[in-house]
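The data block below is upload_30.cif; it holds mmCIF, C-alpha atoms and all ligand atoms.
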```cif
data_model
#
loop_
_atom_site.label_atom_id
_atom_site.label_comp_id
_atom_site.auth_asym_id
_atom_site.auth_seq_id
_atom_site.Cartn_x
_atom_site.Cartn_y
_atom_site.Cartn_z
CA MET A 1 0.00 0.00 0.00
CA SER A 2 1.47 3.33 -0.92
CA GLY A 3 1.58 6.03 1.74
CA GLU A 4 -0.49 9.20 1.50
CA ASN A 5 2.30 11.08 -0.29
CA GLN A 6 3.27 8.31 -2.67
CA VAL A 7 1.76 7.97 -6.13
CA LYS A 8 -1.57 6.18 -5.84
CA HIS A 9 -2.16 3.26 -8.15
CA VAL A 10 -5.71 2.61 -9.35
CA ALA A 11 -7.19 -0.23 -11.43
CA VAL A 12 -10.25 0.90 -13.36
CA VAL A 13 -12.30 -2.11 -14.44
CA GLY A 14 -14.39 -1.29 -17.52
CA GLY A 15 -13.47 1.15 -20.26
CA GLY A 16 -17.01 2.16 -21.19
CA LEU A 17 -18.25 5.72 -20.86
CA VAL A 18 -17.81 6.10 -17.10
CA GLY A 19 -14.60 4.05 -16.79
CA SER A 20 -12.78 6.01 -19.49
CA LEU A 21 -13.92 9.35 -18.01
CA ASN A 22 -12.86 8.18 -14.55
CA ALA A 23 -9.39 7.38 -15.93
CA CYS A 24 -9.16 11.03 -17.07
CA PHE A 25 -10.18 12.25 -13.59
CA PHE A 26 -7.62 9.98 -11.86
CA ALA A 27 -4.90 11.03 -14.31
CA LYS A 28 -5.61 14.66 -13.39
CA ARG A 29 -4.97 13.69 -9.77
CA LYS A 30 -1.59 12.28 -10.93
CA TYR A 31 -2.56 8.71 -10.02
CA LYS A 32 -1.09 5.81 -11.94
CA VAL A 33 -4.01 4.16 -13.75
CA ASP A 34 -4.40 0.71 -15.29
CA LEU A 35 -7.69 0.45 -17.19
CA TYR A 36 -8.93 -3.08 -17.96
CA GLU A 37 -11.57 -3.42 -20.66
CA MET A 38 -13.13 -6.75 -21.56
CA ARG A 39 -13.76 -5.80 -25.20
CA ASP A 40 -11.26 -5.09 -27.92
CA ASP A 41 -10.25 -1.44 -28.39
CA ILE A 42 -13.38 0.07 -29.99
CA ARG A 43 -11.21 2.57 -31.86
CA THR A 44 -9.88 -0.29 -33.97
CA MET A 45 -13.18 -2.11 -34.50
CA GLU A 46 -15.34 -1.89 -37.60
CA ILE A 47 -18.63 -2.60 -35.85
CA VAL A 48 -19.23 -2.10 -32.14
CA LYS A 49 -22.14 -4.14 -30.87
CA GLY A 50 -24.03 -2.97 -27.81
CA ARG A 51 -26.58 -0.61 -26.47
CA SER A 52 -28.05 2.63 -27.76
CA ILE A 53 -26.22 4.09 -30.75
CA ASN A 54 -26.75 7.61 -29.47
CA LEU A 55 -27.51 9.16 -26.08
CA ALA A 56 -28.82 12.40 -24.60
CA LEU A 57 -26.03 14.33 -22.86
CA SER A 58 -27.37 16.82 -20.30
CA CYS A 59 -25.86 19.54 -18.07
CA ARG A 60 -24.95 16.95 -15.44
CA GLY A 61 -22.74 15.06 -17.91
CA ARG A 62 -21.36 18.22 -19.52
CA GLU A 63 -20.17 19.48 -16.14
CA ALA A 64 -18.10 16.31 -15.67
CA LEU A 65 -16.59 16.62 -19.16
CA LYS A 66 -15.72 20.25 -18.40
CA HIS A 67 -13.76 19.12 -15.31
CA VAL A 68 -11.33 17.20 -17.54
CA GLY A 69 -11.31 19.79 -20.35
CA LEU A 70 -13.38 17.72 -22.82
CA GLU A 71 -16.73 19.54 -22.91
CA ASP A 72 -15.97 21.62 -26.03
CA GLU A 73 -14.51 18.68 -27.96
CA VAL A 74 -17.58 16.54 -27.25
CA LEU A 75 -20.05 19.35 -28.01
CA LYS A 76 -18.44 19.86 -31.43
CA THR A 77 -20.03 16.60 -32.57
CA ALA A 78 -23.25 16.86 -30.53
CA ILE A 79 -26.65 17.84 -31.92
CA PRO A 80 -28.70 20.09 -29.61
CA MET A 81 -32.26 18.95 -28.90
CA ARG A 82 -34.21 21.97 -27.67
CA ALA A 83 -37.66 20.40 -27.29
CA ARG A 84 -39.56 17.15 -27.32
CA MET A 85 -41.56 16.81 -30.54
CA ILE A 86 -44.73 14.83 -29.85
CA HIS A 87 -46.08 12.85 -32.80
CA ASP A 88 -49.83 12.18 -32.47
CA LEU A 89 -51.49 9.18 -34.06
CA ASP A 90 -53.05 11.39 -36.78
CA GLY A 91 -49.61 12.74 -37.76
CA THR A 92 -49.89 16.14 -36.06
CA CYS A 93 -46.77 17.23 -34.17
CA HIS A 94 -46.44 19.47 -31.09
CA PRO A 95 -43.17 20.69 -29.62
CA ILE A 96 -42.74 20.82 -25.82
CA PRO A 97 -39.57 22.84 -25.03
CA TYR A 98 -37.23 21.55 -22.34
CA GLY A 99 -36.96 25.03 -20.84
CA LYS A 100 -35.69 28.45 -21.89
CA SER A 101 -33.81 28.86 -25.19
CA ASP A 102 -30.44 28.17 -23.54
CA GLN A 103 -31.71 24.98 -21.88
CA PHE A 104 -31.36 21.92 -24.07
CA ILE A 105 -29.96 18.41 -24.17
CA ASN A 106 -27.55 17.01 -26.78
CA SER A 107 -27.65 13.94 -28.96
CA VAL A 108 -24.19 12.32 -28.88
CA ASP A 109 -22.80 9.25 -30.61
CA ARG A 110 -21.97 6.63 -27.94
CA ARG A 111 -19.02 5.16 -29.82
CA LEU A 112 -17.52 8.54 -30.71
CA LEU A 113 -17.85 9.74 -27.11
CA ASN A 114 -16.23 6.58 -25.76
CA GLU A 115 -13.40 6.93 -28.28
CA VAL A 116 -12.78 10.59 -27.33
CA LEU A 117 -12.64 9.60 -23.65
CA LEU A 118 -10.27 6.66 -24.20
CA THR A 119 -7.94 8.78 -26.32
CA ALA A 120 -7.98 11.60 -23.75
CA ALA A 121 -7.20 9.12 -20.94
CA GLU A 122 -4.32 7.57 -22.89
CA LYS A 123 -2.77 10.98 -23.60
CA ASN A 124 -1.64 10.89 -19.97
CA PRO A 125 1.59 8.88 -19.71
CA GLN A 126 0.54 7.43 -16.34
CA VAL A 127 -2.59 5.78 -17.88
CA THR A 128 -2.32 2.35 -19.52
CA CYS A 129 -5.33 0.74 -21.21
CA HIS A 130 -5.44 -3.06 -21.36
CA PHE A 131 -8.03 -4.29 -23.84
CA ASN A 132 -9.38 -7.85 -24.08
CA HIS A 133 -8.87 -8.05 -20.31
CA LYS A 134 -11.38 -9.21 -17.75
CA LEU A 135 -10.07 -8.51 -14.28
CA LEU A 136 -12.04 -11.31 -12.66
CA ASN A 137 -11.79 -14.06 -15.19
CA LYS A 138 -11.74 -17.37 -13.40
CA GLU A 139 -11.61 -19.54 -16.53
CA GLY A 140 -8.91 -17.73 -18.49
CA LYS A 141 -5.77 -16.03 -17.27
CA GLU A 142 -6.36 -13.99 -14.15
CA VAL A 143 -5.00 -10.45 -14.07
CA LYS A 144 -2.64 -10.09 -11.14
CA ASN A 145 -1.74 -6.53 -10.22
CA LYS A 146 -1.20 -5.00 -6.81
CA VAL A 147 -2.99 -1.67 -6.66
CA ASP A 148 -4.20 0.75 -3.99
CA LEU A 149 -7.77 0.94 -5.25
CA ILE A 150 -10.06 -1.02 -7.58
CA VAL A 151 -12.77 1.02 -9.29
CA GLY A 152 -15.64 -1.02 -10.73
CA ASN A 153 -16.95 0.69 -13.85
CA ASP A 154 -17.97 -2.60 -15.42
CA GLY A 155 -21.62 -1.87 -16.07
CA ALA A 156 -24.97 -3.23 -14.89
CA PHE A 157 -23.75 -6.83 -14.60
CA SER A 158 -20.62 -5.82 -12.72
CA ALA A 159 -18.22 -8.60 -11.71
CA ILE A 160 -16.70 -6.25 -9.14
CA ARG A 161 -20.12 -5.77 -7.51
CA ARG A 162 -20.64 -9.56 -7.48
CA GLN A 163 -17.33 -9.97 -5.72
CA MET A 164 -18.22 -7.22 -3.21
CA MET A 165 -21.46 -9.06 -2.40
CA LYS A 166 -19.42 -12.07 -1.29
CA ASP A 167 -17.12 -10.02 0.93
CA THR A 168 -19.37 -7.41 2.50
CA LEU A 169 -22.95 -6.71 3.63
CA LEU A 170 -24.17 -5.21 0.38
CA ASP A 171 -27.91 -4.54 -0.05
CA TYR A 172 -28.94 -5.22 -3.59
CA ASN A 173 -32.14 -4.69 -5.55
CA GLN A 174 -32.61 -5.53 -9.23
CA GLU A 175 -35.76 -5.08 -11.31
CA TYR A 176 -36.43 -5.94 -14.95
CA ILE A 177 -39.34 -4.03 -16.46
CA PRO A 178 -41.84 -5.82 -18.75
CA HIS A 179 -40.80 -3.61 -21.68
CA GLY A 180 -37.92 -4.26 -24.06
CA TYR A 181 -36.34 -1.88 -26.57
CA MET A 182 -35.48 -2.27 -30.23
CA GLU A 183 -33.35 0.13 -32.28
CA LEU A 184 -34.45 1.03 -35.82
CA THR A 185 -33.28 3.77 -38.19
CA ILE A 186 -34.74 6.66 -40.17
CA PRO A 187 -32.14 7.20 -42.91
CA ALA A 188 -31.15 10.58 -44.33
CA THR A 189 -33.37 11.75 -47.21
CA PRO A 190 -32.22 11.11 -50.83
CA SER A 191 -31.04 14.75 -50.87
CA ASN A 192 -28.94 13.93 -47.79
CA ASP A 193 -30.96 15.87 -45.26
CA PHE A 194 -32.67 15.06 -41.96
CA ALA A 195 -36.11 13.52 -42.56
CA MET A 196 -37.64 15.46 -39.61
CA GLY A 197 -36.96 18.65 -37.64
CA VAL A 198 -33.41 18.18 -36.35
CA ASN A 199 -33.21 19.92 -32.98
CA TYR A 200 -35.78 17.75 -31.27
CA LEU A 201 -36.07 14.53 -29.37
CA HIS A 202 -39.03 13.04 -31.27
CA ILE A 203 -41.55 11.02 -29.25
CA TRP A 204 -44.48 8.90 -30.37
CA PRO A 205 -46.26 8.25 -27.03
CA ARG A 206 -48.85 5.50 -27.34
CA ASN A 207 -49.61 4.76 -23.67
CA GLU A 208 -48.42 1.14 -23.48
CA PHE A 209 -45.81 1.68 -26.22
CA MET A 210 -43.51 4.48 -27.12
CA MET A 211 -41.07 5.25 -29.89
CA ILE A 212 -38.39 7.94 -29.71
CA ALA A 213 -35.88 9.30 -32.24
CA LEU A 214 -32.56 11.09 -31.67
CA PRO A 215 -30.64 12.71 -34.56
CA ASN A 216 -27.21 11.45 -35.72
CA LEU A 217 -24.35 13.30 -37.41
CA ASP A 218 -24.91 11.39 -40.68
CA LYS A 219 -28.42 12.93 -40.81
CA SER A 220 -30.12 9.71 -39.89
CA TYR A 221 -32.19 9.19 -36.73
CA THR A 222 -31.87 6.30 -34.34
CA LEU A 223 -35.41 5.22 -33.50
CA THR A 224 -35.99 3.27 -30.31
CA LEU A 225 -39.20 1.34 -29.91
CA PHE A 226 -40.12 0.57 -26.28
CA MET A 227 -42.82 -2.01 -25.87
CA PRO A 228 -43.78 -4.96 -23.62
CA PHE A 229 -41.94 -8.14 -24.67
CA GLU A 230 -45.28 -9.89 -25.11
CA ASN A 231 -46.18 -7.37 -27.86
CA PHE A 232 -42.78 -7.77 -29.54
CA ASN A 233 -43.38 -11.53 -29.52
CA GLN A 234 -46.72 -11.14 -31.33
CA ILE A 235 -45.08 -9.41 -34.31
CA LYS A 236 -43.71 -12.32 -36.33
CA THR A 237 -44.12 -11.69 -40.04
CA GLU A 238 -43.43 -8.73 -42.34
CA ASP A 239 -47.20 -8.21 -42.57
CA ASP A 240 -47.42 -8.06 -38.76
CA VAL A 241 -44.70 -5.37 -38.75
CA MET A 242 -46.51 -3.26 -41.33
CA ASP A 243 -49.90 -3.74 -39.68
CA PHE A 244 -48.48 -2.68 -36.30
CA PHE A 245 -46.71 0.41 -37.69
CA ARG A 246 -49.79 1.44 -39.74
CA ARG A 247 -51.92 1.30 -36.60
CA MET A 248 -49.46 2.85 -34.14
CA PHE A 249 -46.87 4.98 -35.95
CA PRO A 250 -48.27 5.66 -39.45
CA ASP A 251 -46.32 8.90 -40.01
CA SER A 252 -43.01 7.10 -39.43
CA ILE A 253 -43.47 4.60 -42.30
CA PRO A 254 -42.59 6.92 -45.22
CA LEU A 255 -39.65 8.24 -43.16
CA ILE A 256 -38.18 4.79 -42.52
CA GLY A 257 -39.29 3.34 -45.88
CA GLU A 258 -41.53 0.27 -46.03
CA LYS A 259 -38.89 -2.12 -47.43
CA PHE A 260 -36.22 -0.96 -44.96
CA LEU A 261 -38.67 -1.12 -42.05
CA LYS A 262 -39.49 -4.77 -42.78
CA GLU A 263 -35.81 -5.66 -43.15
CA ILE A 264 -34.51 -3.80 -40.12
CA TYR A 265 -37.33 -4.93 -37.81
CA GLN A 266 -36.88 -8.58 -38.75
CA SER A 267 -33.11 -8.44 -38.26
CA SER A 268 -33.28 -6.60 -34.91
CA LYS A 269 -33.87 -7.96 -31.46
CA ALA A 270 -35.75 -6.52 -28.49
CA LEU A 271 -33.40 -6.10 -25.52
CA PRO A 272 -34.23 -5.99 -21.80
CA MET A 273 -33.92 -3.03 -19.43
CA VAL A 274 -32.83 -3.37 -15.83
CA SER A 275 -32.93 -1.09 -12.81
CA ILE A 276 -30.39 -1.65 -10.00
CA LYS A 277 -30.00 -0.11 -6.57
CA CYS A 278 -27.39 -1.17 -4.04
CA SER A 279 -25.58 0.05 -0.97
CA PRO A 280 -22.83 0.67 0.06
CA TYR A 281 -20.80 1.56 -3.03
CA HIS A 282 -17.44 0.76 -1.44
CA VAL A 283 -15.47 -1.71 0.65
CA LYS A 284 -13.07 -0.11 3.14
CA ASP A 285 -10.30 1.73 1.27
CA LYS A 286 -10.04 -0.98 -1.39
CA VAL A 287 -12.96 -0.97 -3.84
CA VAL A 288 -15.63 1.38 -5.17
CA ILE A 289 -18.31 0.87 -7.82
CA MET A 290 -19.62 3.70 -9.98
CA GLY A 291 -21.83 4.25 -13.04
CA ASP A 292 -24.20 1.43 -14.04
CA ALA A 293 -22.29 -0.98 -11.80
CA ALA A 294 -23.69 0.98 -8.84
CA HIS A 295 -26.99 2.31 -10.18
CA ALA A 296 -28.23 1.01 -13.54
CA MET A 297 -31.48 2.70 -14.46
CA VAL A 298 -34.16 2.43 -17.14
CA PRO A 299 -33.31 4.89 -19.94
CA PHE A 300 -36.50 7.01 -19.83
CA TYR A 301 -34.95 9.90 -17.94
CA GLY A 302 -31.85 9.93 -20.16
CA GLN A 303 -29.64 10.12 -17.08
CA GLY A 304 -27.75 6.79 -16.80
CA MET A 305 -24.53 8.02 -18.37
CA ASN A 306 -25.04 11.59 -17.10
CA CYS A 307 -25.40 10.33 -13.55
CA GLY A 308 -22.35 8.05 -13.98
CA PHE A 309 -20.36 11.05 -15.23
CA GLU A 310 -21.50 13.04 -12.19
CA ASP A 311 -20.27 10.17 -9.96
CA CYS A 312 -16.74 11.02 -11.17
CA ILE A 313 -17.12 14.64 -9.99
CA VAL A 314 -18.46 13.54 -6.60
CA LEU A 315 -15.64 11.05 -5.98
CA ASN A 316 -13.11 13.64 -7.11
CA ASP A 317 -14.59 16.15 -4.62
CA MET A 318 -14.40 13.59 -1.81
CA LEU A 319 -10.77 12.81 -2.65
CA ASP A 320 -10.04 16.56 -2.51
CA LYS A 321 -11.87 16.95 0.76
CA HIS A 322 -10.05 14.02 2.38
CA SER A 323 -6.61 14.68 0.83
CA ASP A 324 -6.60 11.39 -1.12
CA ASN A 325 -7.23 9.27 1.96
CA PHE A 326 -9.18 6.45 0.31
CA GLU A 327 -10.79 5.14 3.49
CA LEU A 328 -12.37 8.49 4.37
CA ALA A 329 -13.11 9.51 0.78
CA LEU A 330 -14.87 6.26 -0.18
CA LYS A 331 -17.00 6.28 2.97
CA ALA A 332 -17.99 9.90 2.28
CA TYR A 333 -18.65 9.01 -1.36
CA THR A 334 -21.18 6.30 -0.47
CA GLU A 335 -22.86 8.50 2.13
CA HIS A 336 -23.17 11.42 -0.24
CA ARG A 337 -23.88 9.66 -3.51
CA ASN A 338 -26.12 6.77 -2.56
CA PRO A 339 -29.32 8.73 -1.73
CA ASP A 340 -28.95 10.92 -4.84
CA ALA A 341 -28.30 8.00 -7.20
CA LYS A 342 -31.22 6.03 -5.77
CA ALA A 343 -33.47 9.06 -6.31
CA ILE A 344 -32.42 9.27 -9.98
CA VAL A 345 -33.09 5.53 -10.43
CA ASP A 346 -36.62 6.14 -9.07
CA LEU A 347 -37.14 9.23 -11.24
CA ALA A 348 -36.12 7.23 -14.32
CA MET A 349 -38.75 4.63 -13.45
CA TYR A 350 -41.34 7.39 -12.98
CA ASN A 351 -40.48 8.91 -16.37
CA TYR A 352 -41.17 5.48 -17.90
CA VAL A 353 -44.89 6.27 -17.43
CA GLU A 354 -44.52 10.03 -18.05
CA MET A 355 -43.01 9.65 -21.53
CA ARG A 356 -45.29 7.01 -22.96
CA LYS A 357 -48.55 8.02 -21.24
CA SER A 358 -48.76 11.15 -19.09
CA VAL A 359 -47.31 13.29 -21.88
CA ASN A 360 -50.49 12.40 -23.85
CA SER A 361 -52.88 13.43 -21.11
CA LYS A 362 -50.88 16.63 -20.43
CA MET A 363 -51.11 17.55 -24.14
CA PHE A 364 -54.84 16.79 -24.02
CA LEU A 365 -55.35 19.07 -21.00
CA LEU A 366 -53.19 21.81 -22.55
CA ARG A 367 -55.18 21.73 -25.79
CA LYS A 368 -58.48 21.73 -23.88
CA LYS A 369 -57.28 24.81 -21.96
CA ILE A 370 -56.34 26.56 -25.23
CA ASP A 371 -59.73 25.63 -26.80
CA ASN A 372 -61.54 27.17 -23.80
CA MET A 373 -59.58 30.44 -23.92
P1 LIG B 1 -21.22 0.53 -19.57
O1 LIG B 1 -21.50 1.52 -20.62
O2 LIG B 1 -22.05 -0.71 -19.51
O3 LIG B 1 -19.68 0.12 -19.70
C1 LIG B 1 -19.15 -0.95 -18.96
C2 LIG B 1 -17.86 -1.38 -19.62
O4 LIG B 1 -17.25 -2.38 -18.82
C3 LIG B 1 -18.06 -1.99 -21.01
O5 LIG B 1 -17.14 -1.43 -21.89
C4 LIG B 1 -17.80 -3.49 -20.79
O6 LIG B 1 -17.28 -4.12 -21.92
C5 LIG B 1 -16.81 -3.46 -19.65
N1 LIG B 1 -16.81 -4.65 -18.79
C6 LIG B 1 -17.87 -5.36 -18.33
N2 LIG B 1 -17.46 -6.37 -17.53
C7 LIG B 1 -16.10 -6.30 -17.48
C8 LIG B 1 -15.10 -7.06 -16.81
N3 LIG B 1 -15.40 -8.09 -16.01
N4 LIG B 1 -13.81 -6.71 -16.98
C9 LIG B 1 -13.48 -5.66 -17.78
N5 LIG B 1 -14.38 -4.91 -18.44
C10 LIG B 1 -15.68 -5.22 -18.28
N6 LIG B 1 -27.86 7.44 -20.49
C11 LIG B 1 -27.89 8.78 -20.62
O7 LIG B 1 -27.30 9.50 -19.82
N7 LIG B 1 -28.59 9.36 -21.64
C12 LIG B 1 -29.30 8.63 -22.55
O8 LIG B 1 -29.93 9.18 -23.45
C13 LIG B 1 -29.28 7.20 -22.41
N8 LIG B 1 -29.96 6.43 -23.28
C14 LIG B 1 -29.94 5.08 -23.14
C15 LIG B 1 -30.68 4.30 -24.02
C16 LIG B 1 -30.71 2.94 -23.89
C17 LIG B 1 -31.53 2.12 -24.84
C18 LIG B 1 -29.96 2.32 -22.85
C19 LIG B 1 -29.98 0.84 -22.68
C20 LIG B 1 -29.22 3.09 -21.97
C21 LIG B 1 -29.21 4.48 -22.10
N9 LIG B 1 -28.48 5.29 -21.21
C22 LIG B 1 -28.53 6.65 -21.34
C23 LIG B 1 -27.73 4.70 -20.09
C24 LIG B 1 -26.26 4.56 -20.44
O9 LIG B 1 -26.12 3.74 -21.57
C25 LIG B 1 -25.51 3.94 -19.27
O10 LIG B 1 -25.88 4.55 -18.06
C26 LIG B 1 -24.00 4.07 -19.47
O11 LIG B 1 -23.60 3.34 -20.60
C27 LIG B 1 -23.26 3.58 -18.23
O12 LIG B 1 -21.89 3.61 -18.47
P2 LIG B 1 -20.92 2.65 -17.67
O13 LIG B 1 -19.56 2.98 -18.16
O14 LIG B 1 -21.21 2.69 -16.22
O15 LIG B 1 -21.33 1.17 -18.12
#
```
Output the file's structure as structure tokens, nothing else.
Amino acid sequence: MSGENQVKHVAVVGGGLVGSLNACFFAKRKYKVDLYEMRDDIRTMEIVKGRSINLALSCRGREALKHVGLEDEVLKTAIPMRARMIHDLDGTCHPIPYGKSDQFINSVDRRLLNEVLLTAAEKNPQVTCHFNHKLLNKEGKEVKNKVDLIVGNDGAFSAIRRQMMKDTLLDYNQEYIPHGYMELTIPATPSNDFAMGVNYLHIWPRNEFMMIALPNLDKSYTLTLFMPFENFNQIKTEDDVMDFFRRMFPDSIPLIGEKFLKEIYQSSKALPMVSIKCSPYHVKDKVVIMGDAAHAMVPFYGQGMNCGFEDCIVLNDMLDKHSDNFELALKAYTEHRNPDAKAIVDLAMYNYVEMRKSVNSKMFLLRKKIDNM
């Protein structure tokens, strides 16, 4: 164990969004960092499989990027979304602004963001990234490295968290929701333009179902269909796909294209969504979990990554406050962060109903009010 004045050595497990940002934060503190990522280096891969192609970056996440000097670089490739655009069943659209004109969220490309963060981390000579490495791999070669602190940024199914559960009294709560999500695409128009208004997060709320669309840099939109698995299972043939879209999202068909819709739906798979709460986030001065490993949430509040990014600021503040004493800083981190993260997990679950359902009744009430004026 290094003394308080010696260089601290940290193993970051997971080089996803939060792990790679954390490596930047630790590098700024002059720690020696070994980052272990299970996948290959995404910067060298042709296709990166995984979740959501794009994400909404909010103030919370931007603040964390600013701390490590990356906010401007990331915003250069982000597309501002200033309002929700509600698509009614009859094709009419109504914008609902997020706030004042300077209040907006940003559509960012997950892969690009992860690449920027990995490259920024590696620019620091004291950071080494090890790809194709699982820290806790019992079958294959085990990674043996003596470090001062292990930081679990290994996502919702965290191996670090599993190990913590064996060694400490860790409360754990996991909930799968009955809905799954499937990603589809609205391509750019033949004249290479966006097929819909660009600075919006488009929403097709249909009470039990919902579809959303976020713009991409190549002028396409990533559409995400959220629906109970039992409904996904009922759509089997190309005719079922078309019948469902004609009934539920008719205005989206010409935008996606009938042929492409059939193809992309049939070749895509509905994926599950999980919500996780646990406590504490640390073990003594040895281990801490952050990001989805500590608080995976359903994506309806668009805060999973943003909250994970904010975790990095909070831990950094605690390390400042306790002069890099890991025992005190990790204890303070759990105490401070746990109630806030649990509240965001709950808010995300609440917004699950808000986005697909309540937004409809609010629009109805608003229009009724306008009609009566
Ligand atoms: P992950 O992104 O899961 O990264 C974990 C990393 O650890 C991965 O690279 C993985 O390969 C690696 N790993 C796993 N196990 C090991 C191991 N044993 N050893 C080494 N490496 C390992 N959030 C938002 O803020 N805004 C949004 O708009 C938004 N939209 C979303 C839409 C969908 C459909 C989904 C599913 C999620 C969305 N999220 C959003 C949430 C966001 O994706 C997550 O909160 C975020 O990815 C968490 O980052 P993370 O680094 O903690 O975990």
Legend entry - Neighbour list for Lys146 of chain A as a list in words, cut-off 12 Å, all atoms listed in the file, skip fewer than 5 positions in-chain: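 Here the answer would be Met1, Ser2, Lys8, His9, Val10, Ala11, Lys32, Val33, Asp34 and Lys286 of chain A.
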Inset, instruction - Quote the spacing between atom CA of Leu217 of chain A and atom C12 of ligand LIG 1 (chain B) in Å to one decimal place. - result: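 For atom CA of Leu217 of chain A relative to atom C12 of ligand LIG 1 (chain B), the distance reads 16.3 Å.
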Legend entry - Interatomic distance (Å, one decimal) between atom CA of Phe309 of chain A and atom CA of Lys342 of chain A: 15.3 Å
Once you add 8 Å to each side, what are the centre and edge lengths of the axis-aligned box holding all listed atoms of segment 175-189 of chain A? One decimal in Å, as lines of an AutoDock Vina configuration file, if you can.
```
center_x = -36.5
center_y = 2.9
center_z = -29.3
size_x = 26.7
size_y = 33.7
size_z = 51.9
```
Inset, instruction - Would you please work out which residue, of A:His94, A:Arg161, A:His336, A:Lys28, is nearest to ligand LIG 1 (chain B) when using all atoms listed in the file? - result: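 Looking at the shortest contact to ligand LIG 1 (chain B), the residue is A:Arg161.
Closest to Ala343 of chain A among A:Ile186, A:Tyr301, A:Ser323, A:Asp251 is A:Tyr301, based on all atoms listed in the file.
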Inset, instruction - Would you list the contacts of Leu113 of chain A as a ChimeraX atom specification, taking every protein, DNA or RNA residue within 12 Å and counting all atoms listed in the file, but skipping same-chain residues closer than 3 positions in sequence? - result: /A:15-18,20-21,42-43,53-57,61-62,65,70-71,73-78,107-110,116-120,305
Inset, instruction - Using only C-alpha atoms, determine which residues lie at most 8 Å from Ala296 of chain A, disregarding the query and same-chain residues fewer than 5 positions distant; provide the list as a PyMOL selection string. - result: chain A and resi 155-156+274-277+291+304+345
Would you output that residue set with C-alpha atoms, as a JSON list (two decimals), in the coordinates of the input?
```json
[["chain", "number", "residue", "atom", "x", "y", "z"],
["A", 155, "GLY", "CA", -21.62, -1.87, -16.07],
["A", 156, "ALA", "CA", -24.97, -3.23, -14.89],
["A", 274, "VAL", "CA", -32.83, -3.37, -15.83],
["A", 275, "SER", "CA", -32.93, -1.09, -12.81],
["A", 276, "ILE", "CA", -30.39, -1.65, -10.00],
["A", 277, "LYS", "CA", -30.00, -0.11, -6.57],
["A", 291, "GLY", "CA", -21.83, 4.25, -13.04],
["A", 304, "GLY", "CA", -27.75, 6.79, -16.80],
["A", 345, "VAL", "CA", -33.09, 5.53, -10.43]]
```
Inset, instruction - Using all atoms listed in the file, give me every residue within 12 Å of (-44.6, 4.9, -24.6) in file coordinates, as JSON, numbers by chain. - result: {"A": [86, 87, 88, 179, 180, 181, 202, 203, 204, 205, 206, 207, 208, 209, 210, 211, 212, 224, 225, 226, 227, 228, 248, 249, 300, 351, 352, 353, 354, 355, 356, 357, 358, 359, 360]}
Legend entry - Nearest-residue call for Asp171 of chain A, choices A:Pro280, A:Pro299, A:Gly50, A:Gly308, using all atoms listed in the file: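 Nearest to Asp171 of chain A: A:Pro280.
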Inset, instruction - Using all atoms listed in the file, pick whichever of A:Ser191, A:Gln103, A:Asn173, A:Asn153 has the shortest atom-to-atom distance to ligand LIG 1 (chain B). - result: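 With all atoms listed in the file as the atom set, the closest residue is A:Asn153.
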Inset, instruction - For atom CA of Asn233 of chain A and atom CA of Arg246 of chain A, quote the distance in Å rounded to one decimal. - result: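 Separation between atom CA of Asn233 of chain A and atom CA of Arg246 of chain A: 17.7 Å.
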Legend entry - Pick from A:Val13, A:Ala83, A:Ala195, A:Cys312, whichever lies nearest to ligand LIG 1 (chain B) using all atoms listed in the file: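 Among the listed residues, the smallest separation from ligand LIG 1 (chain B) belongs to A:Val13.
Using only C-alpha atoms and all ligand atoms, the shortest contact distance between ligand LIG 1 (chain B) and any of A:Thr185, A:Asn316, A:Gln126, A:Asn22 is found at A:Asn22.
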Inset, instruction - Excluding Lys134 of chain A and residues on its chain fewer than 6 positions from it, collect all residues at most 7 Å away from it, counting all atoms listed in the file, and give them as a ChimeraX atom specification. - result: /A:36-38
